[in-house]
Amino acid sequence: MLPREPLLRNGHLLAMSSIVNAVLGAVFWVFATHWYDDRTVGLNYATLSAATLLSTIGQLNLSDFLVRFMPSAGRHTRHLVLVCYLASVLCSVLVSVGFLLLVPTLNPRLDFLLSPVTGMFFVAYTAAYAIFALQDGALTGLRHPGWVVAENMIFAVVKILLLAVGAALTLFAGILISWAGALVVALLVANAFLLRRAVPRHETEAPEAARPPRLVGYATADYAGSLFRMAAYSLLPLVVLNTLGPAQSAYYSLAWIVGYVPYLLATNMGSSLIVEAAHAPGQLAQHALRVLRHSALLMAAGAAAIIVVAPAFLAFFGPEYAEHGTTLLRLLALSALPNLLVSLAVDVARMRRKLRLVVGVQLALCVLVLGLSSVLLPVLGLTGGGVAWLAAQCLLALYLLVRRSRWLPQAAREKEK
């Protein structure tokens, strides 16, 4: 049932991975909200959001870097993967330790992380999650999206099983422990395939390939842009926690998990676009338009479905989630439509090494989302967060549409005419 064209087939497999992970993730949070009170769910989710942000800082955006350069790395492939792993672990440890030192100032509600055992656990989890992101990038760059599906399914299923164990033992940190245990299993399985089979096979296919040029400069600029994007994603739950309290943070978190699924479609199709363009740079323009047209239909259908089922779906988590999160979820689903153009423009600019545009767009997204949310949350409650996302994405999409000559290849613009 998947398209035969590699560009769309691989994108669909990556999207399938995200959807399966999101569905099983929703099942996980259904159990969590029934087995734990709202305060515990809110604090644990805020902790996971902080760890996700820190691991994003620590991984130096090397996941996207591997997607971009693994296809052409040839005999340098293993070295590229291991160097990225090492750099990510070291940086993740540093930033997570720094975060723990600042918890009393930044977010006193997370002071339960300050005990020695819990703190060490948090640091190790952050570093491991950075590797988890990098292995997905490596598998995608080597054209093994099926394995991305498999390891994400393993992660999701093991996570649910461990959550049940934690709830049975009435562990306050049971949610965090379940994520960490599942992470270890997924890392072992995926890297056994990646380093023992996929990498050696790729190195033998192009043993004389030259090392890609100007890697450090590219990685530095791309990393700066990714930090702004992930800050918008990961800091907003903390803003909600501080502004509206733990219960509202839980409602926001569950709505975001569902509303973010259409965003993942754009991200996954963009990853497939970069991999195929790396193999055939002259077809970037055609691939970009193909992805835009194909994804727009899927995105519109997905957003419409979310808008219709939002109250019924959130009711599975509890009536209070439907009451407080329905409007927010509908606004997030609508914001995914302009995000498709924003995400595509960033991926095309990344492929063409137009890194000023890559950084600028993501910086603007961060400033708009966090700035508007800070103003609107106290006035509109959780709905203010949804309005902020929709307004920010629409403004950026309009700018990119008007200034498309800055990022869209000439061949694609001529084809539009």
# chains A, B, ... in the order shown; residues from 1 in each chain; ligands from 1
>>> closest_atom_pairs(of="stretch 312-356 of chain A", to="stretch 241-248 of chain A", cutoff="10 Å", atoms="only C-alpha atoms", output="tab-separated table")
residue	atom	partner	partner_atom	distance
A:Glu320	CA	A:Ala247	CA	9.6
A:Tyr321	CA	A:Gln248	CA	9.1
A:His324	CA	A:Gln248	CA	7.9
A:Gly325	CA	A:Gln248	CA	9.0
>>> residues_around(residues="A:Ala345", least_positions_apart="4", cutoff="10 Å", atoms="only C-alpha atoms", output="number ranges by chain")
A: 270, 288, 339-341, 349-351, 357-358, 361, 397, 400-401, 404, 406-408
>>> write_last_selection(atoms="N, CA and C atoms", output="PDB file, in the first residue's frame")
ATOM      1  N   GLY A 270      10.247  15.808   4.951  1.00  0.00           N
ATOM      2  CA  GLY A 270      11.444  16.612   4.722  1.00  0.00           C
ATOM      3  C   GLY A 270      12.716  15.802   4.840  1.00  0.00           C
ATOM      4  N   ALA A 288      10.976  18.794  -4.117  1.00  0.00           N
ATOM      5  CA  ALA A 288      10.347  19.733  -3.188  1.00  0.00           C
ATOM      6  C   ALA A 288       8.873  19.947  -3.529  1.00  0.00           C
ATOM      7  N   ASN A 339       2.573  25.218   8.869  1.00  0.00           N
ATOM      8  CA  ASN A 339       3.876  24.659   9.241  1.00  0.00           C
ATOM      9  C   ASN A 339       4.464  23.800   8.129  1.00  0.00           C
ATOM     10  N   LEU A 340       3.623  23.198   7.282  1.00  0.00           N
ATOM     11  CA  LEU A 340       4.127  22.384   6.184  1.00  0.00           C
ATOM     12  C   LEU A 340       5.029  23.201   5.275  1.00  0.00           C
ATOM     13  N   LEU A 341       4.600  24.398   4.927  1.00  0.00           N
ATOM     14  CA  LEU A 341       5.418  25.260   4.081  1.00  0.00           C
ATOM     15  C   LEU A 341       6.672  25.721   4.823  1.00  0.00           C
ATOM     16  N   ALA A 349      16.298  24.859   2.201  1.00  0.00           N
ATOM     17  CA  ALA A 349      17.418  25.760   2.492  1.00  0.00           C
ATOM     18  C   ALA A 349      18.584  25.005   3.113  1.00  0.00           C
ATOM     19  N   ARG A 350      18.291  24.036   3.958  1.00  0.00           N
ATOM     20  CA  ARG A 350      19.351  23.219   4.551  1.00  0.00           C
ATOM     21  C   ARG A 350      20.100  22.437   3.471  1.00  0.00           C
ATOM     22  N   MET A 351      19.349  21.878   2.532  1.00  0.00           N
ATOM     23  CA  MET A 351      19.982  21.108   1.460  1.00  0.00           C
ATOM     24  C   MET A 351      20.849  22.010   0.581  1.00  0.00           C
ATOM     25  N   LEU A 357      19.056  31.563   6.305  1.00  0.00           N
ATOM     26  CA  LEU A 357      17.602  31.415   6.256  1.00  0.00           C
ATOM     27  C   LEU A 357      17.143  30.336   7.232  1.00  0.00           C
ATOM     28  N   VAL A 358      17.872  29.231   7.307  1.00  0.00           N
ATOM     29  CA  VAL A 358      17.539  28.143   8.225  1.00  0.00           C
ATOM     30  C   VAL A 358      17.473  28.662   9.664  1.00  0.00           C
ATOM     31  N   VAL A 361      14.508  31.610  10.179  1.00  0.00           N
ATOM     32  CA  VAL A 361      13.120  31.151  10.255  1.00  0.00           C
ATOM     33  C   VAL A 361      12.837  30.522  11.609  1.00  0.00           C
ATOM     34  N   ALA A 397       4.671  31.417   7.278  1.00  0.00           N
ATOM     35  CA  ALA A 397       4.306  30.841   5.973  1.00  0.00           C
ATOM     36  C   ALA A 397       4.021  31.940   4.957  1.00  0.00           C
ATOM     37  N   LEU A 400       7.356  33.377   3.802  1.00  0.00           N
ATOM     38  CA  LEU A 400       8.085  32.461   2.921  1.00  0.00           C
ATOM     39  C   LEU A 400       7.419  32.333   1.553  1.00  0.00           C
ATOM     40  N   LEU A 401       6.120  32.459   1.525  1.00  0.00           N
ATOM     41  CA  LEU A 401       5.415  32.411   0.245  1.00  0.00           C
ATOM     42  C   LEU A 401       5.737  33.650  -0.583  1.00  0.00           C
ATOM     43  N   ARG A 404       9.584  33.487  -1.738  1.00  0.00           N
ATOM     44  CA  ARG A 404       9.978  32.132  -2.102  1.00  0.00           C
ATOM     45  C   ARG A 404      11.227  32.083  -2.973  1.00  0.00           C
ATOM     46  N   ARG A 406      13.933  33.257  -2.281  1.00  0.00           N
ATOM     47  CA  ARG A 406      15.084  33.126  -1.395  1.00  0.00           C
ATOM     48  C   ARG A 406      15.420  31.677  -1.096  1.00  0.00           C
ATOM     49  N   TRP A 407      14.438  30.777  -1.196  1.00  0.00           N
ATOM     50  CA  TRP A 407      14.708  29.390  -0.796  1.00  0.00           C
ATOM     51  C   TRP A 407      14.314  28.361  -1.851  1.00  0.00           C
ATOM     52  N   LEU A 408      13.356  28.660  -2.709  1.00  0.00           N
ATOM     53  CA  LEU A 408      12.885  27.676  -3.685  1.00  0.00           C
ATOM     54  C   LEU A 408      13.780  27.679  -4.911  1.00  0.00           C
TER      55      LEU A 408
END
>>> closest_atom_pairs(of="stretch 25-143 of chain A", to="stretch 195-200 of chain A", cutoff="8 Å", atoms="only C-alpha atoms", output="CSV")
residue,atom,partner,partner_atom,distance
A:Thr77,CA,A:Val199,CA,6.5
A:Arg78,CA,A:Val199,CA,6.2
A:Leu139,CA,A:Ala198,CA,8.0
A:Leu142,CA,A:Ala198,CA,7.3
>>> closest_residue(among="A:Ala392, A:Ala219, A:Met153, A:Val359", to="A:Leu372", atoms="only C-alpha atoms")
A:Ala392
>>> residues_around(residues="A:Val123", least_positions_apart="3", cutoff="10 Å", atoms="only C-alpha atoms", output="number ranges by chain")
A: 51, 54-55, 89, 92-100, 118-120, 126-128
>>> residues_around(residues="stretch 296-300 of chain A", least_positions_apart="5", cutoff="8 Å", atoms="only C-alpha atoms", output="list in words")
Pro262, Leu265, Ala336, Leu337 and Leu340 of chain A
>>> write_last_selection(atoms="N, CA and C atoms", output="JSON list (two decimals), in the first residue's frame")
[["chain", "number", "residue", "atom", "x", "y", "z"],
["A", 262, "PRO", "N", 0.62, 15.92, 13.08],
["A", 262, "PRO", "CA", 0.75, 16.46, 11.71],
["A", 262, "PRO", "C", 2.08, 17.19, 11.49],
["A", 265, "LEU", "N", 4.56, 14.68, 10.26],
["A", 265, "LEU", "CA", 4.46, 14.32, 8.84],
["A", 265, "LEU", "C", 5.34, 15.23, 8.01],
["A", 336, "ALA", "N", -0.70, 23.22, 11.93],
["A", 336, "ALA", "CA", 0.15, 22.29, 11.18],
["A", 336, "ALA", "C", 0.10, 22.56, 9.68],
["A", 337, "LEU", "N", -0.97, 23.18, 9.19],
["A", 337, "LEU", "CA", -1.09, 23.45, 7.75],
["A", 337, "LEU", "C", -0.06, 24.48, 7.28],
["A", 340, "LEU", "N", 3.62, 23.20, 7.28],
["A", 340, "LEU", "CA", 4.13, 22.38, 6.18],
["A", 340, "LEU", "C", 5.03, 23.20, 5.28]]
>>> closest_residue(among="A:Leu163, A:Leu8, A:Met70, A:Leu328", to="A:Val30", atoms="only C-alpha atoms")
A:Leu163
>>> closest_residue(among="A:Ser405, A:Gln135, A:Ser115, A:Ser234", to="A:Thr52", atoms="only C-alpha atoms")
A:Ser234
>>> residues_around(residues="A:Trp35", least_positions_apart="4", cutoff="10 Å", atoms="only C-alpha atoms", output="list in words")
Trp29, Val30, Phe31, Thr40, Val41, Leu163, Ala164, Gly166, Ala167, Ala168 and Thr170 of chain A
>>> closest_residue(among="A:Met230, A:Arg290, A:Gly225, A:Gly385", to="A:Leu355", atoms="only C-alpha atoms")
A:Gly225
>>> closest_residue(among="A:Val258, A:Ala133, A:Leu113, A:Ala333", to="A:Cys84", atoms="only C-alpha atoms")
A:Ala133
>>> residues_around(residues="A:Ser373", least_positions_apart="2", cutoff="7 Å", atoms="only C-alpha atoms", output="list in words")
Val369, Leu370, Gly371, Val375, Leu376, Leu377, Gly384, Gly385 and Ala388 of chain A
>>> closest_residue(among="A:Gln283, A:Gln362, A:Asn152, A:Ser72", to="A:Gly25", atoms="only C-alpha atoms")
A:Asn152
